[in-house]
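Notes for the one structure printed next.
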Amino acid sequence: MLKLRDLARTHMVYECGRGEHFSLWYDPWFHGNSIHAWYGHRVIYDVRMNGTEKLKEAFVNGRWSWPQTSWQLIEIQQRVQDIPVSSQPDCIGWHKRGGAFSIKQAWQLIRRASDIVPWWKLVWFSKRIPKHSFCLWFTILRAHKTKDKLLNWGLIMSASCVSHCGGAESMDHLFFECPYARDIWRDTLRICNIHRNILPWVEEVQWLEAYASGDYFSAILMRLAVGATVYHIWLERNRRCFRNMFLPGDEISMRIREDVGRKLKTTGYAYGNDNDRHYSLCINWGVL
């Protein structure tokens with residue numbers, strides 16, 4: 001975030017009021033930058049100040065009044081004439097004077113625009129569990145620091161899977177080539193009333209894009225289920241790597257059911273539909 005300060009500053013407009021809040025030297029009220037950035041520390045010495053002054057120290061009777069003891073100060077006095085002051089409090093606008101700050105607008109300004117990906121609704125939807133969605137997003141982007149990456153970078157000596165299945169840890173192995181993870185995912189699918197073979201990760205995502213689209217109950221349930229499954233498998237992987245603690249697959253499946261069931265209960269989305277399939281899913285996930 002600190003690296004974005006300069007970018008943010010270009011979109012902020014400092015409106016000078018009574019001068020009680022802005023730093024005379026270090027806030028960017030002076031044509032988009034600070035006096036110190038324009039002229040350095042010398043001007044502070046020239047006016048016999050210590051650098052802690054507020055903007056009001058440059059006012060006399062509500063007008064700009066800079067000492068004329070150096071060419072820099074003379075220039076400052078000339079350049080501030082087109083900066084209005086008022087009897088209102090100092091304030092900061094976004095983009096324009098009086099402009100209200102918007103997180104959405106700020107994000108649009110700093111982000112790098114890309115094409116819409118087909119899986120975005122699988123990850124980002126209103127009833128999501130945020131930490132699950134974040135982990136799923138990282139997984140689809142292959143952004144997790146799996147052991148195969150660490151081995152290639154020379155940071156570890158072995159990429160062996162932490163479930164001791166004999167395979168090498170990679171994103172595809174964790175989701176869901178590893179027998180431990182495959183059994184957990186198969187159990188998740190089972191309580192979603194889905195019985196099929198487990199696919200390679202890329203194909204699983206493609207299947208989910210089609211199956212879990214829409215706003216009907218089973219689609220939202222499936223999105224919650226895959227998010228919870230990926231999150232808890234990755235959490236267990238980290239637990240084994242860093243804490244030397246091991247949970248059986250049945251325990252992970254139980255935690256997945258608890259997270260998804262709790263979310264469905266708190267949102268109330270599971271209620272109000274009495275068809276057989278809906279009822280069966282609610283029973284499976286412990287909602288009813």
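Naming scheme: A, B, ... for chains in displayed order of the structure tokens; residues 1 onward per chain; ligands 1 onward as shown.
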Surrounding residues of Leu189 (chain A) excluding itself and chain neighbours under 4 positions, 10 Å, only C-alpha atoms, as a list in words: Asp183, Ile184, Trp185, Asn193, Ile194, His195, Arg196, Ile198, Met222, Ala225 and Val226 of chain A
DSSP helix (DSSP H, G or I) selection over region 128-262 of chain A, as a PyMOL selection string: chain A and resi 130-140+147-152+171-177+179-191+201-211+217-242+249-262
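Non-sequential neighbours of Thr69 (chain A) (distance at most 9 Å, separation of 3 or more positions within a chain, only C-alpha atoms) are Asp46, Val47, Trp66, Gln72, Leu73 and Ile74 of chain A.
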For Trp119 (chain A), find every residue with an atom within 10 Å (counting only C-alpha atoms), except residues of its own chain fewer than 5 positions away, and show them as a VMD selection string. chain A and resid 124 137 140 205 to 206 208 to 210 212 to 213
Export of prior selection with C-alpha atoms as a compact mmCIF listing (two decimals), in the first residue's frame:
# COMPACT_ATOMS: atom_id res chain seq x y z
CA TRP A 124 -16.78 -13.91 -6.42
CA TRP A 137 -8.88 -17.47 -6.43
CA ILE A 140 -7.20 -21.10 -9.95
CA VAL A 205 -12.78 -25.76 -12.92
CA GLN A 206 -14.33 -25.93 -16.39
CA LEU A 208 -17.71 -26.08 -12.16
CA GLU A 209 -18.04 -23.04 -14.44
CA ALA A 210 -20.92 -24.80 -16.18
CA ALA A 212 -22.30 -24.00 -10.61
CA SER A 213 -23.49 -21.07 -12.71
Would you kindly return, as a PyMOL selection string, each protein, DNA or RNA residue with an atom no farther than 9 Å from any atom of region 144-154 of chain A, considering only C-alpha atoms and excluding same-chain residues fewer than 3 positions away? chain A and resi 135+138-139+141+157-161+168-171+174
Output C-alpha atoms of each residue in that selection to a file, as a PDB file, in the first residue's frame.
ATOM      1  CA  CYS A 135      -7.895 -19.202  -1.428  1.00  0.00           C
ATOM      2  CA  PHE A 138      -5.206 -18.118  -5.652  1.00  0.00           C
ATOM      3  CA  THR A 139      -5.631 -21.776  -6.558  1.00  0.00           C
ATOM      4  CA  LEU A 141      -4.451 -18.566 -10.667  1.00  0.00           C
ATOM      5  CA  MET A 157      15.481 -30.135  -1.187  1.00  0.00           C
ATOM      6  CA  SER A 158      12.369 -32.220  -1.857  1.00  0.00           C
ATOM      7  CA  ALA A 159       8.896 -31.670  -3.294  1.00  0.00           C
ATOM      8  CA  SER A 160       7.401 -34.785  -1.700  1.00  0.00           C
ATOM      9  CA  CYS A 161       3.691 -34.545  -0.959  1.00  0.00           C
ATOM     10  CA  ALA A 168       5.479 -34.608  -5.854  1.00  0.00           C
ATOM     11  CA  GLU A 169       3.492 -31.642  -4.609  1.00  0.00           C
ATOM     12  CA  SER A 170       2.167 -29.344  -7.316  1.00  0.00           C
ATOM     13  CA  MET A 171      -1.073 -27.474  -7.816  1.00  0.00           C
ATOM     14  CA  LEU A 174      -2.988 -31.100  -4.452  1.00  0.00           C
TER      15      LEU A 174
END
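Of note, CA of Leu288 (chain A) and CA of Lys121 (chain A) are spaced 26.8 Å apart.
CA of Ser218 (chain A) is positioned 19.2 Å from CA of Pro118 (chain A).
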Please provide the set of residues having any atom within 10 Å of Leu136 (chain A), restricted to only C-alpha atoms, with same-chain residues fewer than 4 positions apart removed, written as a list of chain:residue names. A:Leu122, A:Val123, A:Trp124, A:Pro130, A:Lys131, A:His132, A:Ile140, A:Leu141, A:Arg142, A:Val226, A:Gly227, A:Ala228, A:Thr229, A:Val230, A:Tyr231, A:Trp234
If you run DSSP over the backbone, which residues in region 31-192 of chain A end up strand (DSSP E)? Put them as a ChimeraX atom specification. /A:59-60,63-64,91-94
For the selection just defined, write its residues with N, CA and C atoms to a file, as a PDB file, in the first residue's frame.
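Dumped everything to out_19.pdb:
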ATOM      1  N   PHE A  59      -0.528  32.849   6.222  1.00  0.00           N
ATOM      2  CA  PHE A  59      -1.642  33.779   5.998  1.00  0.00           C
ATOM      3  C   PHE A  59      -1.488  35.026   6.872  1.00  0.00           C
ATOM      4  N   VAL A  60      -1.890  36.145   6.328  1.00  0.00           N
ATOM      5  CA  VAL A  60      -2.081  37.372   7.102  1.00  0.00           C
ATOM      6  C   VAL A  60      -3.417  37.955   6.672  1.00  0.00           C
ATOM      7  N   ARG A  63      -5.029  36.201   3.715  1.00  0.00           N
ATOM      8  CA  ARG A  63      -4.372  36.267   2.406  1.00  0.00           C
ATOM      9  C   ARG A  63      -2.954  35.715   2.533  1.00  0.00           C
ATOM     10  N   TRP A  64      -2.438  35.232   1.398  1.00  0.00           N
ATOM     11  CA  TRP A  64      -1.077  34.713   1.384  1.00  0.00           C
ATOM     12  C   TRP A  64      -0.084  35.829   1.694  1.00  0.00           C
ATOM     13  N   CYS A  91      -9.670  20.701   3.472  1.00  0.00           N
ATOM     14  CA  CYS A  91     -10.255  19.407   3.109  1.00  0.00           C
ATOM     15  C   CYS A  91      -9.548  18.844   1.880  1.00  0.00           C
ATOM     16  N   ILE A  92      -9.718  17.556   1.701  1.00  0.00           N
ATOM     17  CA  ILE A  92      -9.091  16.847   0.582  1.00  0.00           C
ATOM     18  C   ILE A  92     -10.193  16.277  -0.298  1.00  0.00           C
ATOM     19  N   GLY A  93     -10.178  16.609  -1.573  1.00  0.00           N
ATOM     20  CA  GLY A  93     -11.141  16.076  -2.526  1.00  0.00           C
ATOM     21  C   GLY A  93     -10.526  14.967  -3.359  1.00  0.00           C
ATOM     22  N   TRP A  94     -11.376  14.180  -3.972  1.00  0.00           N
ATOM     23  CA  TRP A  94     -10.923  13.070  -4.816  1.00  0.00           C
ATOM     24  C   TRP A  94     -11.197  13.423  -6.270  1.00  0.00           C
TER      25      TRP A  94
END
Give me, as a ChimeraX atom specification, all polymer residues having an atom no more than 10 Å from Asn244 (chain A), counting only C-alpha atoms and skipping those fewer than 6 positions away in the same chain. /A:162,237-238
What is the distance between CA of Gly32 (chain A) and CA of Arg112 (chain A), in Å to one decimal? 24.0 Å
